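Below is the file work.txt, which contains compact mmCIF, C-alpha atoms.
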# COMPACT_ATOMS: atom_id res chain seq x y z
CA MET T 1 -83.81 -83.51 -13.07
CA SER T 2 -83.44 -79.74 -13.20
CA LYS T 3 -81.47 -77.67 -10.72
CA GLU T 4 -80.31 -74.05 -10.64
CA ALA T 5 -76.75 -73.86 -11.90
CA ALA T 6 -73.93 -72.92 -9.57
CA TRP T 7 -71.84 -70.70 -11.82
CA TYR T 8 -73.55 -67.95 -13.81
CA ARG T 9 -74.24 -64.24 -13.74
CA ALA T 10 -77.49 -62.44 -14.48
CA LEU T 11 -77.50 -59.91 -17.35
CA PRO T 12 -80.07 -57.31 -18.46
CA ASP T 13 -83.22 -58.37 -20.32
CA GLU T 14 -83.35 -61.79 -18.63
CA ARG T 15 -80.14 -62.92 -20.29
CA VAL T 16 -77.53 -64.92 -18.38
CA GLN T 17 -73.87 -65.76 -18.81
CA CYS T 18 -72.63 -69.17 -17.76
CA VAL T 19 -69.18 -68.96 -16.17
CA LEU T 20 -68.60 -72.64 -15.45
CA CYS T 21 -66.50 -73.32 -18.54
CA PRO T 22 -64.36 -71.18 -20.86
CA ALA T 23 -67.11 -71.01 -23.49
CA GLU T 24 -68.83 -68.49 -21.19
CA CYS T 25 -72.10 -68.79 -23.12
CA VAL T 26 -74.36 -65.74 -23.09
CA LEU T 27 -77.94 -66.98 -23.34
CA ASP T 28 -81.26 -65.33 -24.04
CA ASP T 29 -84.33 -66.66 -22.25
CA GLY T 30 -85.04 -70.23 -23.38
CA LYS T 31 -81.63 -70.76 -24.96
CA THR T 32 -79.23 -73.61 -24.12
CA GLY T 33 -75.44 -73.51 -23.88
CA ILE T 34 -73.05 -75.41 -26.15
CA CYS T 35 -72.92 -78.24 -23.59
CA GLY T 36 -76.58 -78.98 -24.32
CA CYS T 37 -77.57 -79.19 -20.67
CA ARG T 38 -77.63 -75.65 -19.22
CA GLN T 39 -80.59 -73.46 -20.13
CA ASN T 40 -81.75 -69.92 -19.35
CA ASN T 41 -85.21 -69.97 -17.79
CA LYS T 42 -86.49 -66.43 -17.31
CA GLY T 43 -83.17 -64.97 -16.24
CA LYS T 44 -81.93 -67.94 -14.21
CA LEU T 45 -79.57 -70.66 -15.43
CA TYR T 46 -80.62 -74.25 -14.83
CA THR T 47 -78.91 -77.54 -15.51
CA ASP T 48 -81.32 -80.19 -16.80
CA ASN T 49 -78.92 -83.12 -16.31
CA TYR T 50 -78.64 -83.26 -12.52
CA GLY T 51 -78.18 -86.95 -11.70
CA GLU T 52 -79.35 -87.93 -15.18
CA THR T 53 -77.06 -90.84 -15.99
CA VAL T 54 -76.51 -92.17 -19.49
CA THR T 55 -74.39 -95.19 -18.51
CA VAL T 56 -73.36 -97.10 -15.40
CA ALA T 57 -70.69 -99.83 -15.34
CA MET T 58 -68.00 -101.45 -13.22
CA ASP T 59 -64.66 -100.87 -14.95
CA PRO T 60 -61.04 -101.68 -14.25
CA ILE T 61 -59.35 -98.51 -12.99
CA GLU T 62 -56.84 -98.99 -15.83
CA LYS T 63 -59.63 -98.31 -18.35
CA LYS T 64 -59.91 -94.66 -17.25
CA PRO T 65 -56.87 -94.83 -17.81
CA LEU T 66 -55.31 -94.57 -14.36
CA TYR T 67 -52.23 -96.79 -13.98
CA HIS T 68 -50.80 -95.44 -10.71
CA PHE T 69 -54.01 -95.22 -8.66
CA TYR T 70 -55.04 -98.45 -6.92
CA PRO T 71 -53.78 -100.67 -9.79
CA GLY T 72 -55.84 -103.80 -10.38
CA SER T 73 -58.96 -102.41 -8.68
CA ASN T 74 -62.44 -101.87 -10.11
CA ILE T 75 -64.43 -98.66 -9.96
CA LEU T 76 -68.08 -97.83 -10.52
CA SER T 77 -68.20 -95.56 -13.56
CA VAL T 78 -71.00 -93.19 -14.51
CA GLY T 79 -71.52 -90.59 -17.21
CA ALA T 80 -73.82 -87.72 -18.12
CA ASN T 81 -75.41 -86.99 -21.50
CA CYS T 82 -73.42 -83.86 -22.32
CA CYS T 83 -70.09 -82.27 -23.22
CA ASN T 84 -68.74 -78.73 -23.56
CA LEU T 85 -66.38 -79.48 -26.47
CA GLY T 86 -67.27 -80.61 -29.97
CA CYS T 87 -64.36 -82.85 -30.93
CA LEU T 88 -64.62 -84.09 -34.50
CA HIS T 89 -63.09 -87.41 -33.44
CA CYS T 90 -65.23 -88.02 -30.34
CA GLN T 91 -65.25 -91.70 -29.39
CA ASN T 92 -68.43 -91.40 -27.32
CA TRP T 93 -70.32 -89.03 -29.62
CA SER T 94 -73.63 -90.92 -29.34
CA ILE T 95 -73.87 -90.05 -25.63
CA SER T 96 -71.91 -86.78 -25.55
CA GLN T 97 -72.94 -84.95 -28.72
CA GLU T 98 -76.51 -86.21 -29.10
CA LYS T 99 -79.44 -86.60 -26.73
CA ALA T 100 -79.65 -90.09 -25.28
CA ARG T 101 -81.89 -91.88 -22.82
CA THR T 102 -80.92 -91.34 -19.17
CA GLN T 103 -81.97 -92.53 -15.73
CA TYR T 104 -81.94 -90.42 -12.59
CA ILE T 105 -79.62 -91.60 -9.81
CA ALA T 106 -79.77 -89.55 -6.62
CA PRO T 107 -76.45 -88.86 -4.86
CA GLU T 108 -77.37 -91.11 -1.93
CA VAL T 109 -78.35 -93.92 -4.30
CA LEU T 110 -75.06 -93.66 -6.16
CA VAL T 111 -73.18 -94.02 -2.86
CA GLU T 112 -75.22 -97.11 -2.02
CA LEU T 113 -74.55 -98.60 -5.49
CA THR T 114 -70.85 -98.03 -4.96
CA ARG T 115 -70.93 -99.78 -1.59
CA ARG T 116 -73.02 -102.67 -2.91
CA HIS T 117 -70.56 -103.38 -5.74
CA ASN T 118 -67.50 -103.22 -3.47
CA SER T 119 -66.08 -100.44 -5.62
CA ILE T 120 -63.21 -98.26 -4.45
CA GLY T 121 -65.35 -95.27 -5.41
CA VAL T 122 -66.92 -93.57 -8.42
CA ALA T 123 -65.37 -92.43 -11.68
CA PHE T 124 -67.27 -89.63 -13.39
CA THR T 125 -66.32 -90.45 -16.95
CA TYR T 126 -67.41 -91.45 -20.50
CA THR T 127 -68.62 -87.93 -21.44
CA GLU T 128 -67.68 -84.68 -19.66
CA PRO T 129 -68.06 -84.59 -15.87
CA MET T 130 -67.26 -80.88 -15.53
CA VAL T 131 -70.71 -79.98 -16.89
CA TRP T 132 -72.20 -82.34 -14.30
CA TYR T 133 -70.72 -79.96 -11.77
CA GLU T 134 -73.63 -79.55 -9.38
CA TYR T 135 -74.25 -83.29 -9.17
CA ILE T 136 -70.58 -84.06 -8.49
CA MET T 137 -70.35 -81.32 -5.87
CA ASP T 138 -73.31 -82.87 -4.03
CA THR T 139 -72.20 -86.50 -4.47
CA ALA T 140 -68.44 -86.31 -3.90
CA PRO T 141 -68.59 -85.33 -0.19
CA LEU T 142 -70.96 -88.24 0.47
CA LEU T 143 -68.58 -90.66 -1.23
CA ARG T 144 -65.58 -89.30 0.64
CA SER T 145 -67.44 -89.50 3.98
CA ALA T 146 -68.14 -93.18 3.22
CA GLY T 147 -64.42 -93.80 2.65
CA MET T 148 -64.73 -93.98 -1.13
CA LYS T 149 -62.66 -92.34 -3.84
CA VAL T 150 -63.77 -89.70 -6.34
CA VAL T 151 -62.25 -89.86 -9.83
CA LEU T 152 -62.71 -87.49 -12.77
CA VAL T 153 -61.96 -88.41 -16.38
CA SER T 154 -62.25 -85.05 -18.08
CA ASN T 155 -61.28 -82.73 -20.92
CA GLY T 156 -60.25 -80.19 -18.27
CA TYR T 157 -62.38 -77.47 -19.86
CA ILE T 158 -63.48 -75.53 -16.79
CA MET T 159 -62.88 -72.09 -15.33
CA PRO T 160 -60.36 -71.78 -12.47
CA GLU T 161 -62.84 -70.64 -9.80
CA PRO T 162 -65.26 -73.59 -9.99
CA LEU T 163 -62.31 -75.94 -10.40
CA GLY T 164 -60.81 -74.55 -7.21
CA GLU T 165 -64.01 -75.42 -5.33
CA LEU T 166 -64.11 -78.90 -6.85
CA ILE T 167 -60.49 -79.94 -6.26
CA PRO T 168 -60.78 -80.59 -2.47
CA HIS T 169 -63.44 -83.24 -3.20
CA VAL T 170 -61.43 -85.19 -5.80
CA ASP T 171 -58.91 -87.99 -5.28
CA ALA T 172 -57.69 -88.64 -8.82
CA ALA T 173 -58.11 -87.30 -12.34
CA ASN T 174 -57.13 -88.20 -15.86
CA ILE T 175 -57.20 -85.13 -18.10
CA ASP T 176 -57.32 -85.46 -21.87
CA LEU T 177 -54.80 -82.96 -23.22
CA LYS T 178 -55.82 -83.18 -26.84
CA GLY T 179 -52.95 -81.25 -28.43
CA MET T 180 -50.48 -78.44 -27.82
CA ARG T 181 -51.49 -75.96 -30.52
CA PRO T 182 -54.36 -73.47 -30.06
CA GLU T 183 -55.44 -73.94 -33.68
CA PHE T 184 -55.86 -77.69 -33.11
CA TYR T 185 -58.22 -77.00 -30.22
CA SER T 186 -60.23 -74.41 -32.14
CA LYS T 187 -60.55 -76.38 -35.40
CA VAL T 188 -60.76 -79.98 -34.20
CA CYS T 189 -62.15 -79.66 -30.66
CA LYS T 190 -64.16 -76.42 -30.90
CA GLY T 191 -62.50 -75.02 -27.80
CA LYS T 192 -59.40 -73.31 -26.42
CA LEU T 193 -56.09 -74.78 -25.27
CA GLU T 194 -55.04 -72.32 -22.56
CA PRO T 195 -57.82 -73.14 -20.06
CA VAL T 196 -56.91 -76.84 -20.21
CA LEU T 197 -53.27 -76.03 -19.47
CA LYS T 198 -54.47 -73.94 -16.51
CA THR T 199 -56.56 -76.85 -15.23
CA LEU T 200 -53.57 -79.18 -15.44
CA THR T 201 -51.35 -76.69 -13.65
CA MET T 202 -53.87 -76.35 -10.82
CA LEU T 203 -54.33 -80.11 -10.46
CA ALA T 204 -50.58 -80.76 -10.56
CA SER T 205 -50.08 -78.38 -7.63
CA SER T 206 -52.90 -79.94 -5.59
CA ASN T 207 -53.29 -83.20 -3.68
CA VAL T 208 -55.19 -84.80 -6.58
CA HIS T 209 -53.44 -87.77 -8.19
CA LEU T 210 -53.03 -86.70 -11.83
CA GLU T 211 -52.51 -88.64 -15.04
CA ILE T 212 -52.71 -87.25 -18.59
CA THR T 213 -53.91 -88.75 -21.87
CA ASN T 214 -53.10 -87.61 -25.40
CA LEU T 215 -54.80 -89.12 -28.45
CA ILE T 216 -52.37 -89.01 -31.38
CA ILE T 217 -54.12 -88.25 -34.68
CA PRO T 218 -52.22 -88.52 -38.01
CA GLY T 219 -51.74 -85.15 -39.67
CA LYS T 220 -53.37 -83.28 -36.80
CA ASN T 221 -51.17 -83.51 -33.69
CA ASP T 222 -48.59 -86.22 -34.47
CA SER T 223 -45.50 -84.27 -35.57
CA ASP T 224 -42.27 -84.40 -33.57
CA ASP T 225 -42.89 -80.78 -32.62
CA ASP T 226 -46.40 -81.61 -31.33
CA ILE T 227 -45.10 -84.50 -29.25
CA GLN T 228 -42.14 -82.53 -27.93
CA ARG T 229 -44.38 -79.62 -26.86
CA LEU T 230 -46.63 -82.09 -25.06
CA VAL T 231 -43.73 -83.79 -23.30
CA ASP T 232 -42.08 -80.50 -22.34
CA PHE T 233 -45.31 -79.24 -20.79
CA VAL T 234 -45.96 -82.41 -18.80
CA ALA T 235 -42.32 -82.44 -17.64
CA SER T 236 -42.68 -78.81 -16.51
CA LEU T 237 -45.50 -79.93 -14.19
CA SER T 238 -43.60 -83.03 -13.02
CA PRO T 239 -41.69 -85.79 -14.81
CA ASP T 240 -43.44 -88.23 -12.44
CA ILE T 241 -46.90 -87.62 -13.96
CA PRO T 242 -47.96 -90.70 -15.98
CA LEU T 243 -48.60 -89.88 -19.65
CA HIS T 244 -50.88 -92.12 -21.73
CA LEU T 245 -50.32 -91.90 -25.49
CA SER T 246 -53.38 -93.29 -27.23
CA ALA T 247 -53.74 -94.41 -30.85
CA TYR T 248 -56.57 -92.82 -32.85
CA HIS T 249 -59.10 -94.83 -34.86
CA PRO T 250 -61.61 -93.16 -37.25
CA GLU T 251 -64.72 -92.08 -35.38
CA TYR T 252 -67.57 -89.56 -35.62
CA LYS T 253 -66.86 -86.70 -38.10
CA LEU T 254 -63.11 -87.15 -38.52
CA ASN T 255 -62.18 -89.60 -41.25
CA VAL T 256 -58.40 -89.83 -41.39
CA GLU T 257 -56.28 -92.98 -41.24
CA ALA T 258 -55.73 -94.75 -37.95
CA THR T 259 -52.50 -93.97 -36.12
CA PRO T 260 -49.75 -96.32 -37.37
CA ALA T 261 -47.60 -98.27 -34.94
CA ASP T 262 -44.38 -96.48 -35.94
CA THR T 263 -45.92 -93.14 -34.94
CA MET T 264 -46.80 -94.49 -31.51
CA LEU T 265 -43.30 -95.94 -31.06
CA ARG T 266 -41.71 -92.64 -32.12
CA ALA T 267 -43.90 -90.72 -29.65
CA LEU T 268 -43.12 -93.24 -26.91
CA MET T 269 -39.37 -92.84 -27.38
CA LEU T 270 -39.59 -89.04 -27.45
CA ALA T 271 -41.70 -88.95 -24.30
CA ARG T 272 -39.49 -91.34 -22.34
CA ARG T 273 -36.52 -89.03 -22.73
CA LYS T 274 -38.07 -86.63 -20.20
CA LEU T 275 -40.89 -88.48 -18.46
CA LYS T 276 -40.56 -91.42 -16.08
CA TYR T 277 -43.85 -93.13 -16.84
CA VAL T 278 -45.18 -93.24 -20.41
CA TYR T 279 -47.75 -95.74 -21.70
CA VAL T 280 -49.31 -96.64 -25.05
CA GLY T 281 -53.05 -97.26 -25.32
CA ASN T 282 -55.42 -98.55 -28.04
CA MET T 283 -52.55 -100.53 -29.53
CA MET T 284 -50.48 -103.52 -28.44
CA VAL T 285 -46.86 -102.40 -28.09
CA ASP T 286 -44.39 -104.70 -26.36
CA GLY T 287 -43.89 -103.31 -22.85
CA GLY T 288 -45.96 -100.24 -23.70
CA SER T 289 -48.37 -100.82 -20.81
CA ASP T 290 -45.91 -102.05 -18.18
CA THR T 291 -44.68 -99.90 -15.31
CA LYS T 292 -40.93 -100.02 -14.80
CA CYS T 293 -38.85 -98.53 -12.03
CA PRO T 294 -37.27 -95.34 -13.41
CA GLU T 295 -34.23 -95.97 -11.23
CA CYS T 296 -33.24 -99.56 -12.09
CA GLY T 297 -35.64 -100.63 -14.86
CA HIS T 298 -37.21 -103.44 -12.83
CA VAL T 299 -40.78 -104.28 -13.95
CA LEU T 300 -43.17 -103.18 -11.18
CA ILE T 301 -46.49 -103.90 -12.89
CA ARG T 302 -47.26 -106.01 -15.99
CA ARG T 303 -50.40 -105.28 -17.96
CA THR T 304 -52.06 -107.20 -20.78
CA GLY T 305 -55.18 -105.36 -21.86
CA TYR T 306 -56.94 -104.65 -18.57
CA ARG T 307 -55.30 -107.62 -16.81
CA THR T 308 -52.96 -106.16 -14.21
CA MET T 309 -50.29 -108.04 -12.27
CA VAL T 310 -48.33 -106.22 -9.56
CA THR T 311 -45.14 -108.27 -9.69
CA GLY T 312 -42.21 -106.16 -8.53
CA MET T 313 -43.28 -103.93 -5.67
CA ASN T 314 -42.92 -103.83 -1.91
CA GLY T 315 -45.82 -101.59 -0.96
CA THR T 316 -45.22 -98.57 -3.20
CA ARG T 317 -41.48 -99.16 -3.61
CA CYS T 318 -39.47 -101.08 -6.17
CA GLU T 319 -38.64 -104.44 -4.57
CA GLN T 320 -35.26 -104.48 -6.31
CA CYS T 321 -33.76 -101.06 -5.55
CA GLY T 322 -36.21 -99.57 -3.03
CA LYS T 323 -37.08 -96.54 -5.15
CA GLU T 324 -40.42 -94.93 -4.23
CA SER T 325 -42.78 -95.19 -7.22
CA GLY T 326 -45.37 -92.59 -6.24
CA MET T 327 -48.02 -95.26 -6.78
CA ILE T 328 -51.22 -95.06 -4.71
CA ARG T 329 -52.25 -98.53 -3.53
So that I can check it, write out the structure of this file as structure tokens.
Amino acid sequence: MSKEAAWYRALPDERVQCVLCPAECVLDDGKTGICGCRQNNKGKLYTDNYGETVTVAMDPIEKKPLYHFYPGSNILSVGANCCNLGCLHCQNWSISQEKARTQYIAPEVLVELTRRHNSIGVAFTYTEPMVWYEYIMDTAPLLRSAGMKVVLVSNGYIMPEPLGELIPHVDAANIDLKGMRPEFYSKVCKGKLEPVLKTLTMLASSNVHLEITNLIIPGKNDSDDDIQRLVDFVASLSPDIPLHLSAYHPEYKLNVEATPADTMLRALMLARRKLKYVYVGNMMVDGGSDTKCPECGHVLIRRTGYRTMVTGMNGTRCEQCGKESGMIR
């Protein structure tokens, strides 16, 4: 379904400039932006993906990954057929980088699906929700009015102004901070680092529950300096923000070796020096998915794959020492 886009400016000669994301595409009539879903039609910018859904599934909230937001719950998860980055290692390239079959789900229908499946809410995920902006802005208030949660799993590649309008409608977000060097973003992700850092800063200072993911790729962003920059930045936002370190496996256009276990263990140890909650994903590491009390070390939550057992908490506090965990339950 097509709808006029929310964030663009008209230019002479029926050109337009999209100002939703930092690419700020300038488009002649008939041309489409790098996201593949926003097109200039005679001097107006339209999104052709409004409500067009490439996948729908009930997922454990831990799959997003969100470990401190209603642990053990399930959430209806939907995705669009688009993305505004071009990561060489994209894990969902067949639905984010190429055109795929979609089905239209109206905002009201999505709310009803969420209610029918006893979901805590909706996660806009799998591809890039920020370029589904108009659909989310229409759907999120309906979900919130029905007592449901709105979750974004995103690359964080959005301009501050539209993000500022979106934030009041969001309950939780996991942002993929892909690396800490601008050249990594430009060469591997086809984007810019600074806007993502701005997004994270804005979310960290809002009421949105925030978690961060970093995919560690051998030879690309896995040095001690890379990891330390990442950890220092997250700590500067808050040492309480959960950080998910994820192991890379060859995918799409990037053909380098999979991340070895010793790299993940090294990154885990570095991160835990400054951050209270650090997890390892895509690889089985003993205790790497468990939540421990940062005060006394008591295990609060045990995880095996997506099986979650809340074993050591009284509400949101450690049952052993009484320390508040910051968990949302």
Take the point (-51.6, -85.1, -25.2) in the file's coordinates, draw a sphere of radius 7 Å around it, and report as number ranges by chain every protein, DNA or RNA residue with an atom inside or on it, counting only C-alpha atoms. T: 176-179, 213-215, 230, 245
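You will find atom CA of T:Asn282 at 5.3 Å from atom CA of T:Ala247.
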To one decimal place in Å, what is the distance between atom CA of T:Pro22 and atom CA of T:Asp48? 19.6 Å
So that I can check the surroundings of T:Lys3, please list as JSON, numbers by chain every protein, DNA and RNA residue that reaches within 12 Å of it, counting only C-alpha atoms and ignoring chain neighbours fewer than 4 positions away. {"T": [7, 37, 38, 39, 40, 41, 44, 45, 46, 47, 48, 49, 50, 51, 52, 132, 133, 134, 135, 138]}
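In this comparison, which uses all atoms listed in the file, the residue of T:Leu113, T:Val19, T:Met1, T:Met180 approaching T:Val56 most closely is T:Leu113.
Distance annotation: of T:Lys42, T:Lys220, T:Lys253, T:Arg317, the residue with the minimal separation from T:His298 is T:Arg317; atom set is all atoms listed in the file.
When all atoms listed in the file are used to compute distances to T:Arg116, the closest of the residues T:Leu76, T:Gly33, T:Pro168, T:Gly219 turns out to be T:Leu76.
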If we count all atoms listed in the file, what is near T:Asn81 at a cut-off of 8 Å, once residues fewer than 2 positions away on the same chain are taken out, given as a PDB file with C-alpha atoms, keeping the file's coordinate frame?
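As written to disk, around-v7.pdb reads:
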ATOM      1  CA  ASN T  49     -78.920 -83.120 -16.310  1.00  0.00           C
ATOM      2  CA  GLU T  52     -79.350 -87.930 -15.180  1.00  0.00           C
ATOM      3  CA  THR T  53     -77.060 -90.840 -15.990  1.00  0.00           C
ATOM      4  CA  VAL T  54     -76.510 -92.170 -19.490  1.00  0.00           C
ATOM      5  CA  GLY T  79     -71.520 -90.590 -17.210  1.00  0.00           C
ATOM      6  CA  CYS T  83     -70.090 -82.270 -23.220  1.00  0.00           C
ATOM      7  CA  ILE T  95     -73.870 -90.050 -25.630  1.00  0.00           C
ATOM      8  CA  SER T  96     -71.910 -86.780 -25.550  1.00  0.00           C
ATOM      9  CA  GLN T  97     -72.940 -84.950 -28.720  1.00  0.00           C
ATOM     10  CA  GLU T  98     -76.510 -86.210 -29.100  1.00  0.00           C
ATOM     11  CA  LYS T  99     -79.440 -86.600 -26.730  1.00  0.00           C
ATOM     12  CA  ALA T 100     -79.650 -90.090 -25.280  1.00  0.00           C
ATOM     13  CA  THR T 102     -80.920 -91.340 -19.170  1.00  0.00           C
ATOM     14  CA  THR T 127     -68.620 -87.930 -21.440  1.00  0.00           C
TER      15      THR T 127
END
Which polymer residues have any atom within 12 Å of an atom of T:Glu108, counting all atoms listed in the file, with same-chain residues fewer than 3 positions away left out, as an MDAnalysis selection string? chainID T and resid 51 104:105 111:115 135:136 138:143 145:146
Would you put the residues from that selection into a file with C-alpha atoms, as an mmCIF file, keeping the file's coordinate frame?
data_model
loop_
_atom_site.group_PDB
_atom_site.id
_atom_site.type_symbol
_atom_site.label_atom_id
_atom_site.label_comp_id
_atom_site.auth_asym_id
_atom_site.auth_seq_id
_atom_site.Cartn_x
_atom_site.Cartn_y
_atom_site.Cartn_z
ATOM 1 C CA GLY T 51 -78.180 -86.950 -11.700
ATOM 2 C CA TYR T 104 -81.940 -90.420 -12.590
ATOM 3 C CA ILE T 105 -79.620 -91.600 -9.810
ATOM 4 C CA VAL T 111 -73.180 -94.020 -2.860
ATOM 5 C CA GLU T 112 -75.220 -97.110 -2.020
ATOM 6 C CA LEU T 113 -74.550 -98.600 -5.490
ATOM 7 C CA THR T 114 -70.850 -98.030 -4.960
ATOM 8 C CA ARG T 115 -70.930 -99.780 -1.590
ATOM 9 C CA TYR T 135 -74.250 -83.290 -9.170
ATOM 10 C CA ILE T 136 -70.580 -84.060 -8.490
ATOM 11 C CA ASP T 138 -73.310 -82.870 -4.030
ATOM 12 C CA THR T 139 -72.200 -86.500 -4.470
ATOM 13 C CA ALA T 140 -68.440 -86.310 -3.900
ATOM 14 C CA PRO T 141 -68.590 -85.330 -0.190
ATOM 15 C CA LEU T 142 -70.960 -88.240 0.470
ATOM 16 C CA LEU T 143 -68.580 -90.660 -1.230
ATOM 17 C CA SER T 145 -67.440 -89.500 3.980
ATOM 18 C CA ALA T 146 -68.140 -93.180 3.220
#
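You will find atom CA of T:Cys296 at 22.4 Å from atom CA of T:Tyr70.
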Just want the 10 Å neighbourhood of T:Leu66, counted on only C-alpha atoms, with same-chain residues fewer than 3 positions away dropped. Output as a short mmCIF file (atom, residue, chain, number, x, y, z; two decimals) with C-alpha atoms, keeping the file's coordinate frame.
data_model
loop_
_atom_site.label_atom_id
_atom_site.label_comp_id
_atom_site.auth_asym_id
_atom_site.auth_seq_id
_atom_site.Cartn_x
_atom_site.Cartn_y
_atom_site.Cartn_z
CA PRO T 60 -61.04 -101.68 -14.25
CA ILE T 61 -59.35 -98.51 -12.99
CA GLU T 62 -56.84 -98.99 -15.83
CA LYS T 63 -59.63 -98.31 -18.35
CA PHE T 69 -54.01 -95.22 -8.66
CA TYR T 70 -55.04 -98.45 -6.92
CA PRO T 71 -53.78 -100.67 -9.79
CA VAL T 151 -62.25 -89.86 -9.83
CA VAL T 153 -61.96 -88.41 -16.38
CA ALA T 172 -57.69 -88.64 -8.82
CA ALA T 173 -58.11 -87.30 -12.34
CA ASN T 174 -57.13 -88.20 -15.86
CA HIS T 209 -53.44 -87.77 -8.19
CA LEU T 210 -53.03 -86.70 -11.83
CA GLU T 211 -52.51 -88.64 -15.04
CA ILE T 212 -52.71 -87.25 -18.59
CA THR T 213 -53.91 -88.75 -21.87
CA PRO T 242 -47.96 -90.70 -15.98
CA LEU T 243 -48.60 -89.88 -19.65
CA HIS T 244 -50.88 -92.12 -21.73
#
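Compared by their closest atoms to T:Met58, and using all atoms listed in the file, the residues T:Leu270, T:Ala6, T:Met159, T:Ile75 rank with T:Ile75 nearest.
Using only C-alpha atoms for every distance, the candidate list T:Leu20, T:Leu268, T:Ala123, T:Ile34 yields T:Ala123 as the residue closest to T:Ala57.
The smallest atom-to-atom distance between T:Asn118 and any of T:Gln228, T:Asn74, T:Asn84, T:Gln103, using only C-alpha atoms, is found for T:Asn74.
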Please complete stretch 49-60 of chain T so it has N, CA and C atoms, and hand it over as a PDB file, keeping the file's coordinate frame.
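The result, stored in result_27.pdb:
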ATOM      1  N   ASN T  49     -79.503 -81.775 -16.328  1.00  0.00           N
ATOM      2  CA  ASN T  49     -78.920 -83.120 -16.310  1.00  0.00           C
ATOM      3  C   ASN T  49     -78.536 -83.583 -14.916  1.00  0.00           C
ATOM      4  N   TYR T  50     -79.037 -82.930 -13.890  1.00  0.00           N
ATOM      5  CA  TYR T  50     -78.640 -83.260 -12.520  1.00  0.00           C
ATOM      6  C   TYR T  50     -78.986 -84.726 -12.220  1.00  0.00           C
ATOM      7  N   GLY T  51     -77.969 -85.543 -12.016  1.00  0.00           N
ATOM      8  CA  GLY T  51     -78.180 -86.950 -11.700  1.00  0.00           C
ATOM      9  C   GLY T  51     -78.651 -87.801 -12.857  1.00  0.00           C
ATOM     10  N   GLU T  52     -78.875 -87.188 -14.006  1.00  0.00           N
ATOM     11  CA  GLU T  52     -79.350 -87.930 -15.180  1.00  0.00           C
ATOM     12  C   GLU T  52     -78.164 -88.682 -15.796  1.00  0.00           C
ATOM     13  N   THR T  53     -78.206 -89.988 -15.688  1.00  0.00           N
ATOM     14  CA  THR T  53     -77.060 -90.840 -15.990  1.00  0.00           C
ATOM     15  C   THR T  53     -77.295 -91.627 -17.265  1.00  0.00           C
ATOM     16  N   VAL T  54     -76.345 -91.522 -18.190  1.00  0.00           N
ATOM     17  CA  VAL T  54     -76.510 -92.170 -19.490  1.00  0.00           C
ATOM     18  C   VAL T  54     -75.920 -93.578 -19.492  1.00  0.00           C
ATOM     19  N   THR T  55     -74.988 -93.848 -18.585  1.00  0.00           N
ATOM     20  CA  THR T  55     -74.390 -95.190 -18.510  1.00  0.00           C
ATOM     21  C   THR T  55     -73.812 -95.424 -17.126  1.00  0.00           C
ATOM     22  N   VAL T  56     -73.904 -96.675 -16.688  1.00  0.00           N
ATOM     23  CA  VAL T  56     -73.360 -97.100 -15.400  1.00  0.00           C
ATOM     24  C   VAL T  56     -72.670 -98.449 -15.615  1.00  0.00           C
ATOM     25  N   ALA T  57     -71.416 -98.574 -15.156  1.00  0.00           N
ATOM     26  CA  ALA T  57     -70.690 -99.830 -15.340  1.00  0.00           C
ATOM     27  C   ALA T  57     -69.584 -99.951 -14.310  1.00  0.00           C
ATOM     28  N   MET T  58     -69.195-101.195 -14.019  1.00  0.00           N
ATOM     29  CA  MET T  58     -68.000-101.450 -13.220  1.00  0.00           C
ATOM     30  C   MET T  58     -66.841-101.645 -14.188  1.00  0.00           C
ATOM     31  N   ASP T  59     -65.807-100.823 -14.045  1.00  0.00           N
ATOM     32  CA  ASP T  59     -64.660-100.870 -14.950  1.00  0.00           C
ATOM     33  C   ASP T  59     -63.368-101.097 -14.181  1.00  0.00           C
ATOM     34  N   PRO T  60     -62.387-101.707 -14.830  1.00  0.00           N
ATOM     35  CA  PRO T  60     -61.040-101.680 -14.250  1.00  0.00           C
ATOM     36  C   PRO T  60     -60.552-100.241 -14.180  1.00  0.00           C
TER      37      PRO T  60
END
